[in-house]
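Worksheet for the structure shown next.
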Amino acid sequence: MSDRALFVVRAGALTTVQDRGRPGHAHLGVPRSGALDGPAAALANRLVGNRPEAAVLETTLNGCALRPRSTVTVAVTGAPCPVAVDGRPASWAAPVHVPAGALLTVGAAVSGVRSYVAVSGGVTVEPVLGSRSTDLLSGLGPPPLTDGAILPLGSPAPLPTRVDTAPQPAPPGELLVRVVLGPRNDWFTPEAVRDFTTRAFRVSSASNRIGLRTEGPALERRLKGELPSEGMVLGAVQVPPDGRPVVFLADHPTTGGYPVIGVVREPDLPAAAQAVPGTPVRFLAVRRR
Amino acid sequence: MRTLPVGDHALLVEVSSGEEAQALHAELVRRRAEGSLSVGEIVPAARTVLLDGLADPARLAAELAAAEVPPAPPRAREAVELRVRYGGPDLADVAAHWGVPPREVARIHAGTEFTVAFCGFAPGFGYLTGLPARYDVPRRATPRTAVPAGSVALAGPYTGVYPRSSPGGWQLIGTTDAVLWDHARVPAALLSPGTRVRFVEAP
């Protein structure tokens, strides 16, 4: 094993390898996958001088702890959290120097759900269909991190001379997502469509990388029949028989048989991925561009 | 052909049958290959084809609204042959649904030429059509928590082969050793939309 590697001391609740995913294979039943908060992952890569397609780690709520075998630069973005190197506090959302063998601790998220850890050189597990992302729906890509795992790292690029310090959006206290109605809004009663776009929902604790599940008013169908399976897009709001809308995130199935009442605009999905369970959600109907 | 806009960058094209969806899918793939259609994903399904990653969905929608469903493409490619040991746990139930002796299920199934209508559920899982409508079967009332990889199964008008062990509610009529999905292989999927398939009874 080369020196360019990362030893996983504490994997955390759910930490996965993510890059920009593997779009283009939906016709084979392959989800796109990739970092749920893409802008945060991209910022982490920029801060350590990685190319935008480099793979990073995506944590869930309670962070992780890592020990690099060689000296690296790391950056932690996304959900704000305490960062420490050998117990000494380090900066969040900034390049951090981690000497070979030192312990990098990514603490529990103070707000939000998913923190991103970029390491100079990127995580270089074997790609599958052009991506290193873990896809939790279909099992493609590397398995979620486990304690004691070792992840290979690539060769670092020179650090950027001008570091991007663009402020990140704070994880939402209330989630307002814009939604374009259709293609199957006509499968619902007018009252259900009105409820969907006017009433408050809450993020359910059953949410995951496949979908943001919600609790709130049940949306009643006008058409009771079975919809033949059809292709699903990122951000599709599918309504299963219980009437509670589910917003499809990166690991969503490529086809589905429940009607899609609307589609969330892609720029609004990173905030959705950072909304903790219980967060109020409102769907704001907007016109198609 | 009816086009339904999906979000800002996608279009769902709805047709009236699975055959039309397959023909439309083949035509759209052909147009992408010749460079006259720029699109991220072309996802066929039971009665629809989804086009995702379009720069101008409204323009394509207007163009498709005026178009006829294309004729079925010529069947040029060789069929993929899958060797099957018939005899799954639901073979007798399927025979009862079909109104034939159990032995006949293998003969009818292996005597049919199938086409992959679309994929979904899992990487490499194809929804194969070809059996006449009188052989449609319901899903099992209670899905199994684990269906072994290689299981050949029926549900509705479709035949499918489980690429890996997973939960499933389809009726199991046999098993194959064929590797449906191997991401280290090119192509990773043995079956993709439009592939012709024949099941051959293993002795």
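Just so we're on the same page: first chain in the structure tokens is A, next is B, and so on; residues restart at 1 for each chain, and ligands are numbered from 1 in the order they show up.
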Item to check | Selection near A:Pro31, 9 Å with only C-alpha atoms, sequence-local residues under 5 positions removed, as a list in words | outcome: Gly21, Arg22, Pro23, Gly24, His25, Ala26, Asp135, Leu137, Ser138, Ala250, Asp251, His252, Pro253 and Thr254 of chain A; Ala122 and Pro123 of chain B
Residues near A:Leu136, anyone? I mean within 9 Å using only C-alpha atoms, not counting same-chain ones fewer than 6 positions away, as a PDB file with N, CA and C atoms, in the first residue's frame.
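Contents of the output file out08.pdb:
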```pdb
ATOM      1  N   SER A  33     -26.319   9.063  -8.838  1.00  0.00           N
ATOM      2  CA  SER A  33     -25.493   9.155  -7.636  1.00  0.00           C
ATOM      3  C   SER A  33     -24.695  10.465  -7.605  1.00  0.00           C
ATOM      4  N   PRO A 143     -18.145   0.504  -0.986  1.00  0.00           N
ATOM      5  CA  PRO A 143     -19.111   0.439   0.117  1.00  0.00           C
ATOM      6  C   PRO A 143     -18.934   1.654   1.022  1.00  0.00           C
ATOM      7  N   PRO A 144     -19.928   1.970   1.845  1.00  0.00           N
ATOM      8  CA  PRO A 144     -19.741   3.037   2.832  1.00  0.00           C
ATOM      9  C   PRO A 144     -18.507   2.747   3.689  1.00  0.00           C
ATOM     10  N   ARG A 209     -30.204   9.240   0.928  1.00  0.00           N
ATOM     11  CA  ARG A 209     -29.621   9.699  -0.337  1.00  0.00           C
ATOM     12  C   ARG A 209     -30.545   9.428  -1.524  1.00  0.00           C
ATOM     13  N   ILE A 210     -31.528   8.573  -1.335  1.00  0.00           N
ATOM     14  CA  ILE A 210     -32.457   8.254  -2.423  1.00  0.00           C
ATOM     15  C   ILE A 210     -33.533   9.334  -2.512  1.00  0.00           C
ATOM     16  N   ASP A 251     -29.422   9.277  -5.524  1.00  0.00           N
ATOM     17  CA  ASP A 251     -29.469   7.816  -5.678  1.00  0.00           C
ATOM     18  C   ASP A 251     -30.870   7.311  -6.038  1.00  0.00           C
TER      19      ASP A 251
END
```
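From atom CA of A:Arg244 back to atom CA of A:Val260, the distance works out to 11.6 Å.
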Compute the chain B side of the contact with chain A at 8 Å, counting only C-alpha atoms, and hand it back as a short mmCIF file (atom, residue, chain, number, x, y, z; two decimals) with N, CA and C atoms, in the first residue's frame.
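Printed below is part18.cif as written:
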```cif
data_model
loop_
_atom_site.label_atom_id
_atom_site.label_comp_id
_atom_site.auth_asym_id
_atom_site.auth_seq_id
_atom_site.Cartn_x
_atom_site.Cartn_y
_atom_site.Cartn_z
N LEU B 4 -45.05 15.62 -22.40
CA LEU B 4 -45.28 16.26 -21.11
C LEU B 4 -43.97 16.84 -20.62
N PRO B 5 -43.92 18.17 -20.38
CA PRO B 5 -42.69 18.73 -19.83
C PRO B 5 -42.45 18.21 -18.41
N VAL B 6 -41.17 18.00 -18.09
CA VAL B 6 -40.76 17.49 -16.76
C VAL B 6 -39.69 18.44 -16.24
N GLY B 7 -40.04 19.25 -15.25
CA GLY B 7 -39.08 20.22 -14.74
C GLY B 7 -38.66 21.18 -15.84
N ASP B 8 -37.43 21.69 -15.76
CA ASP B 8 -36.96 22.68 -16.72
C ASP B 8 -36.20 22.09 -17.90
N ALA B 10 -36.37 18.50 -19.06
CA ALA B 10 -36.71 17.15 -19.51
C ALA B 10 -38.10 17.12 -20.13
N LEU B 12 -41.21 14.14 -21.21
CA LEU B 12 -41.71 12.77 -21.20
C LEU B 12 -42.60 12.62 -22.43
N GLY B 40 -29.03 14.32 -22.51
CA GLY B 40 -28.21 13.60 -21.54
C GLY B 40 -28.61 12.15 -21.36
N GLU B 41 -29.90 11.91 -21.20
CA GLU B 41 -30.41 10.55 -20.97
C GLU B 41 -31.61 10.31 -21.86
N ILE B 42 -31.69 9.11 -22.41
CA ILE B 42 -32.90 8.67 -23.12
C ILE B 42 -33.37 7.41 -22.39
N VAL B 43 -34.47 7.53 -21.65
CA VAL B 43 -34.91 6.44 -20.77
C VAL B 43 -36.27 5.91 -21.22
N PRO B 44 -36.27 4.77 -21.91
CA PRO B 44 -37.56 4.19 -22.30
C PRO B 44 -38.21 3.54 -21.09
N ALA B 45 -39.52 3.42 -21.13
CA ALA B 45 -40.25 2.70 -20.08
C ALA B 45 -41.47 2.06 -20.73
N ALA B 46 -42.49 1.75 -19.90
CA ALA B 46 -43.61 0.94 -20.40
C ALA B 46 -44.36 1.60 -21.55
N ARG B 47 -44.70 2.88 -21.40
CA ARG B 47 -45.47 3.60 -22.42
C ARG B 47 -44.86 4.95 -22.76
N THR B 48 -43.64 5.17 -22.31
CA THR B 48 -43.05 6.50 -22.43
C THR B 48 -41.57 6.41 -22.77
N VAL B 49 -41.05 7.52 -23.25
CA VAL B 49 -39.59 7.70 -23.34
C VAL B 49 -39.29 9.04 -22.69
N LEU B 50 -38.39 9.03 -21.71
CA LEU B 50 -37.97 10.26 -21.03
C LEU B 50 -36.70 10.77 -21.68
N ASP B 52 -33.90 13.50 -20.84
CA ASP B 52 -33.44 14.37 -19.74
C ASP B 52 -32.15 15.06 -20.17
N PHE B 118 -37.29 -2.05 -21.69
CA PHE B 118 -36.62 -1.00 -20.91
C PHE B 118 -35.92 -1.66 -19.74
N CYS B 119 -35.11 -0.88 -19.02
CA CYS B 119 -34.40 -1.38 -17.84
C CYS B 119 -34.81 -0.53 -16.64
N GLY B 120 -34.55 -1.04 -15.45
CA GLY B 120 -34.86 -0.30 -14.23
C GLY B 120 -34.78 -1.27 -13.08
N PHE B 121 -35.19 -0.85 -11.92
CA PHE B 121 -35.20 -1.64 -10.70
C PHE B 121 -33.80 -1.86 -10.16
N ALA B 122 -32.88 -2.33 -11.01
CA ALA B 122 -31.49 -2.53 -10.60
C ALA B 122 -30.64 -2.45 -11.86
N PRO B 123 -29.35 -2.08 -11.72
CA PRO B 123 -28.50 -2.04 -12.92
C PRO B 123 -28.52 -3.39 -13.64
N GLY B 124 -28.85 -3.36 -14.93
CA GLY B 124 -28.84 -4.57 -15.72
C GLY B 124 -30.13 -5.36 -15.69
N PHE B 125 -31.15 -4.88 -14.96
CA PHE B 125 -32.44 -5.59 -14.92
C PHE B 125 -33.28 -5.09 -16.09
N GLY B 126 -33.58 -6.00 -17.04
CA GLY B 126 -34.37 -5.63 -18.21
C GLY B 126 -35.80 -6.10 -18.08
N HIS B 183 -19.67 -4.72 -13.85
CA HIS B 183 -19.22 -3.36 -14.17
C HIS B 183 -17.78 -3.34 -14.68
N ALA B 184 -17.07 -4.47 -14.55
CA ALA B 184 -15.71 -4.53 -15.09
C ALA B 184 -15.73 -4.94 -16.57
N ALA B 189 -23.75 -4.05 -18.92
CA ALA B 189 -25.08 -4.68 -18.94
C ALA B 189 -25.16 -5.63 -20.13
N SER B 192 -29.69 -4.40 -22.79
CA SER B 192 -30.03 -2.98 -22.76
C SER B 192 -31.25 -2.80 -23.65
N PRO B 193 -31.94 -1.65 -23.54
CA PRO B 193 -33.18 -1.49 -24.30
C PRO B 193 -32.97 -1.79 -25.78
#
```
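By only C-alpha atoms, and with residues fewer than 6 positions from A:Leu153 along its chain excluded, the set lying at most 8 Å from it is Arg4, Ala5, Leu6, Val119, Ser120, Gly121, Gly122, Val123, Thr124 and Val125 of chain A.
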Checklist entry - Near A:Arg67, within 9 Å and counting only C-alpha atoms, which residues show up once chain neighbours fewer than 4 positions away are dropped, as an MDAnalysis selection string? => result chainID A and resid 5:9 98 100:105
Checklist entry - as a ChimeraX atom specification, which residues of stretch 108-138 of chain B does DSSP assign to helix (DSSP H, G or I)? => result /B:108-110,133-135
Next on the checklist: Nearest residue to A:Pro99 out of A:Thr60, A:Thr198, A:Thr71, A:Thr146, using only C-alpha atoms?
Outcome noted: A:Thr71
Next on the checklist: I want to know what sits within 7 Å of stretch 129-131 of chain B, based on only C-alpha atoms, with residues of the same chain fewer than 4 positions away left out; could you give that as a PyMOL selection string?
Outcome noted: chain B and resi 112-117+135+157-159
Checklist entry - So which residues touch stretch 72-82 of chain B within 8 Å, counting only C-alpha atoms, skipping near sequence neighbours fewer than 2 positions away, as a list in words? => result Glu19, Glu20, Gln22, Ala23, Ala26, Glu27, Pro70, Val84, Thr176, Ala178, Thr195, Arg196, Val197, Arg198, Phe199 and Val200 of chain B
Just write the chosen residues, N, CA and C atoms, as a PDB file, in the first residue's frame.
```pdb
ATOM      1  N   GLU B  19     -44.837  -1.279 -27.833  1.00  0.00           N
ATOM      2  CA  GLU B  19     -44.158  -1.380 -29.138  1.00  0.00           C
ATOM      3  C   GLU B  19     -43.805   0.015 -29.657  1.00  0.00           C
ATOM      4  N   GLU B  20     -44.760   0.956 -29.491  1.00  0.00           N
ATOM      5  CA  GLU B  20     -44.482   2.325 -29.945  1.00  0.00           C
ATOM      6  C   GLU B  20     -43.358   2.954 -29.124  1.00  0.00           C
ATOM      7  N   GLN B  22     -40.870   1.392 -27.778  1.00  0.00           N
ATOM      8  CA  GLN B  22     -39.602   0.806 -28.246  1.00  0.00           C
ATOM      9  C   GLN B  22     -39.169   1.418 -29.575  1.00  0.00           C
ATOM     10  N   ALA B  23     -40.135   1.628 -30.470  1.00  0.00           N
ATOM     11  CA  ALA B  23     -39.800   2.209 -31.779  1.00  0.00           C
ATOM     12  C   ALA B  23     -39.319   3.652 -31.622  1.00  0.00           C
ATOM     13  N   ALA B  26     -35.798   3.689 -30.174  1.00  0.00           N
ATOM     14  CA  ALA B  26     -34.779   3.366 -31.185  1.00  0.00           C
ATOM     15  C   ALA B  26     -34.520   4.568 -32.087  1.00  0.00           C
ATOM     16  N   GLU B  27     -35.588   5.278 -32.468  1.00  0.00           N
ATOM     17  CA  GLU B  27     -35.435   6.437 -33.350  1.00  0.00           C
ATOM     18  C   GLU B  27     -34.680   7.566 -32.637  1.00  0.00           C
ATOM     19  N   PRO B  70     -42.455   6.616 -35.161  1.00  0.00           N
ATOM     20  CA  PRO B  70     -41.703   5.966 -36.244  1.00  0.00           C
ATOM     21  C   PRO B  70     -42.039   4.479 -36.326  1.00  0.00           C
ATOM     22  N   VAL B  84     -31.346 -21.499 -19.559  1.00  0.00           N
ATOM     23  CA  VAL B  84     -32.196 -21.498 -18.362  1.00  0.00           C
ATOM     24  C   VAL B  84     -32.492 -22.918 -17.924  1.00  0.00           C
ATOM     25  N   THR B 176     -30.663 -18.913 -14.450  1.00  0.00           N
ATOM     26  CA  THR B 176     -29.618 -18.907 -15.470  1.00  0.00           C
ATOM     27  C   THR B 176     -28.287 -18.573 -14.812  1.00  0.00           C
ATOM     28  N   ALA B 178     -26.049 -16.957 -16.576  1.00  0.00           N
ATOM     29  CA  ALA B 178     -25.560 -15.783 -17.320  1.00  0.00           C
ATOM     30  C   ALA B 178     -25.308 -14.626 -16.346  1.00  0.00           C
ATOM     31  N   THR B 195     -32.334  -4.859 -27.003  1.00  0.00           N
ATOM     32  CA  THR B 195     -31.649  -6.140 -27.183  1.00  0.00           C
ATOM     33  C   THR B 195     -32.680  -7.251 -27.385  1.00  0.00           C
ATOM     34  N   ARG B 196     -32.436  -8.125 -28.379  1.00  0.00           N
ATOM     35  CA  ARG B 196     -33.287  -9.303 -28.559  1.00  0.00           C
ATOM     36  C   ARG B 196     -32.756 -10.432 -27.680  1.00  0.00           C
ATOM     37  N   VAL B 197     -33.647 -11.196 -27.106  1.00  0.00           N
ATOM     38  CA  VAL B 197     -33.250 -12.243 -26.160  1.00  0.00           C
ATOM     39  C   VAL B 197     -34.013 -13.524 -26.450  1.00  0.00           C
ATOM     40  N   ARG B 198     -33.292 -14.649 -26.406  1.00  0.00           N
ATOM     41  CA  ARG B 198     -33.931 -15.967 -26.452  1.00  0.00           C
ATOM     42  C   ARG B 198     -33.510 -16.759 -25.227  1.00  0.00           C
ATOM     43  N   PHE B 199     -34.453 -17.424 -24.605  1.00  0.00           N
ATOM     44  CA  PHE B 199     -34.147 -18.323 -23.500  1.00  0.00           C
ATOM     45  C   PHE B 199     -34.040 -19.729 -24.070  1.00  0.00           C
ATOM     46  N   VAL B 200     -32.953 -20.405 -23.736  1.00  0.00           N
ATOM     47  CA  VAL B 200     -32.717 -21.753 -24.248  1.00  0.00           C
ATOM     48  C   VAL B 200     -32.747 -22.700 -23.057  1.00  0.00           C
TER      49      VAL B 200
END
```
Checklist entry - So what do you get for atom CA of B:Pro167 versus atom CA of A:Phe248, distance-wise? => result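 Interatomic distance here is 21.0 Å.
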Item to check | Residue contacts of B:Asp177 (12 Å, only C-alpha atoms) excluding same-chain residues fewer than 3 positions away, as a ChimeraX atom specification | outcome: /B:81-85,148-152,161-164,174,180-181,199-200,202
Next on the checklist: Please report the interatomic distance between atom CA of A:Val96 and atom CA of A:Ala84 in Å with one decimal.
Outcome noted: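 It comes out at 9.3 Å.
For the choices A:Thr189, A:Ala13, A:Arg32, A:Pro158, the atom-to-atom distance to A:Arg46 is smallest for A:Pro158 when using only C-alpha atoms.
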Checklist entry - Which parts of chain B does DSSP call strand (DSSP E or B) when run on the backbone here, written out as a PyMOL selection string? => result chain B and resi 2-6+10-14+41-44+48-52+80-86+113-119+126-129+137+144-147+151-156+158-161+166-168+171-176+181+189+196-201
Filtering to C-alpha atoms, could you give me those residues as a PDB file, in the first residue's frame?
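Below is the file that was written, again_5.pdb:
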```pdb
ATOM      1  CA  ARG B   2     -48.146  13.374 -26.288  1.00  0.00           C
ATOM      2  CA  THR B   3     -45.271  15.311 -24.773  1.00  0.00           C
ATOM      3  CA  LEU B   4     -45.285  16.261 -21.113  1.00  0.00           C
ATOM      4  CA  PRO B   5     -42.688  18.730 -19.833  1.00  0.00           C
ATOM      5  CA  VAL B   6     -40.762  17.489 -16.764  1.00  0.00           C
ATOM      6  CA  ALA B  10     -36.714  17.147 -19.511  1.00  0.00           C
ATOM      7  CA  LEU B  11     -39.564  15.869 -21.612  1.00  0.00           C
ATOM      8  CA  LEU B  12     -41.707  12.772 -21.200  1.00  0.00           C
ATOM      9  CA  VAL B  13     -43.027  11.478 -24.511  1.00  0.00           C
ATOM     10  CA  GLU B  14     -46.096   9.317 -24.069  1.00  0.00           C
ATOM     11  CA  GLU B  41     -30.406  10.554 -20.967  1.00  0.00           C
ATOM     12  CA  ILE B  42     -32.900   8.666 -23.120  1.00  0.00           C
ATOM     13  CA  VAL B  43     -34.905   6.443 -20.771  1.00  0.00           C
ATOM     14  CA  PRO B  44     -37.557   4.191 -22.297  1.00  0.00           C
ATOM     15  CA  THR B  48     -43.051   6.504 -22.432  1.00  0.00           C
ATOM     16  CA  VAL B  49     -39.593   7.699 -23.342  1.00  0.00           C
ATOM     17  CA  LEU B  50     -37.974  10.255 -21.029  1.00  0.00           C
ATOM     18  CA  LEU B  51     -35.497  12.728 -22.498  1.00  0.00           C
ATOM     19  CA  ASP B  52     -33.442  14.370 -19.745  1.00  0.00           C
ATOM     20  CA  VAL B  80     -28.585 -12.859 -26.828  1.00  0.00           C
ATOM     21  CA  GLU B  81     -29.152 -16.462 -25.747  1.00  0.00           C
ATOM     22  CA  LEU B  82     -29.674 -17.194 -22.055  1.00  0.00           C
ATOM     23  CA  ARG B  83     -29.503 -20.831 -20.940  1.00  0.00           C
ATOM     24  CA  VAL B  84     -32.196 -21.498 -18.362  1.00  0.00           C
ATOM     25  CA  ARG B  85     -32.956 -24.365 -16.040  1.00  0.00           C
ATOM     26  CA  TYR B  86     -36.722 -24.119 -15.825  1.00  0.00           C
ATOM     27  CA  GLU B 113     -38.391 -14.246 -28.909  1.00  0.00           C
ATOM     28  CA  PHE B 114     -38.128 -11.406 -26.410  1.00  0.00           C
ATOM     29  CA  THR B 115     -37.012  -7.801 -26.679  1.00  0.00           C
ATOM     30  CA  VAL B 116     -35.710  -5.659 -23.814  1.00  0.00           C
ATOM     31  CA  ALA B 117     -38.391  -2.972 -23.625  1.00  0.00           C
ATOM     32  CA  PHE B 118     -36.623  -1.004 -20.911  1.00  0.00           C
ATOM     33  CA  CYS B 119     -34.400  -1.376 -17.840  1.00  0.00           C
ATOM     34  CA  GLY B 126     -34.366  -5.629 -18.205  1.00  0.00           C
ATOM     35  CA  TYR B 127     -38.129  -5.700 -18.687  1.00  0.00           C
ATOM     36  CA  LEU B 128     -38.485  -8.178 -21.564  1.00  0.00           C
ATOM     37  CA  THR B 129     -41.603  -8.338 -23.725  1.00  0.00           C
ATOM     38  CA  VAL B 137     -49.359 -13.081 -14.724  1.00  0.00           C
ATOM     39  CA  ARG B 144     -39.899 -12.487  -1.318  1.00  0.00           C
ATOM     40  CA  THR B 145     -37.279 -10.782   0.825  1.00  0.00           C
ATOM     41  CA  ALA B 146     -34.483 -12.393  -1.215  1.00  0.00           C
ATOM     42  CA  VAL B 147     -34.650 -13.592  -4.806  1.00  0.00           C
ATOM     43  CA  SER B 151     -33.633 -16.023 -11.248  1.00  0.00           C
ATOM     44  CA  VAL B 152     -35.816 -15.878 -14.370  1.00  0.00           C
ATOM     45  CA  ALA B 153     -39.123 -14.345 -13.403  1.00  0.00           C
ATOM     46  CA  LEU B 154     -42.464 -13.148 -14.754  1.00  0.00           C
ATOM     47  CA  ALA B 155     -44.763 -10.265 -13.768  1.00  0.00           C
ATOM     48  CA  GLY B 156     -47.504  -8.634 -15.824  1.00  0.00           C
ATOM     49  CA  TYR B 158     -42.748  -8.915 -18.595  1.00  0.00           C
ATOM     50  CA  THR B 159     -39.975 -11.438 -18.149  1.00  0.00           C
ATOM     51  CA  GLY B 160     -36.933 -10.376 -16.125  1.00  0.00           C
ATOM     52  CA  VAL B 161     -33.682 -11.869 -14.863  1.00  0.00           C
ATOM     53  CA  SER B 166     -32.589  -8.688  -4.113  1.00  0.00           C
ATOM     54  CA  PRO B 167     -36.109  -8.555  -2.729  1.00  0.00           C
ATOM     55  CA  GLY B 168     -38.730  -9.174  -5.403  1.00  0.00           C
ATOM     56  CA  GLN B 171     -43.003 -15.250 -10.210  1.00  0.00           C
ATOM     57  CA  LEU B 172     -39.868 -17.398 -10.433  1.00  0.00           C
ATOM     58  CA  ILE B 173     -39.822 -19.972 -13.251  1.00  0.00           C
ATOM     59  CA  GLY B 174     -36.121 -20.806 -13.655  1.00  0.00           C
ATOM     60  CA  THR B 175     -32.495 -19.853 -13.192  1.00  0.00           C
ATOM     61  CA  THR B 176     -29.618 -18.907 -15.470  1.00  0.00           C
ATOM     62  CA  TRP B 181     -24.285  -7.166 -14.919  1.00  0.00           C
ATOM     63  CA  ALA B 189     -25.078  -4.681 -18.945  1.00  0.00           C
ATOM     64  CA  ARG B 196     -33.287  -9.303 -28.559  1.00  0.00           C
ATOM     65  CA  VAL B 197     -33.250 -12.243 -26.160  1.00  0.00           C
ATOM     66  CA  ARG B 198     -33.931 -15.967 -26.452  1.00  0.00           C
ATOM     67  CA  PHE B 199     -34.147 -18.323 -23.500  1.00  0.00           C
ATOM     68  CA  VAL B 200     -32.717 -21.753 -24.248  1.00  0.00           C
ATOM     69  CA  GLU B 201     -33.682 -24.639 -22.002  1.00  0.00           C
TER      70      GLU B 201
END
```
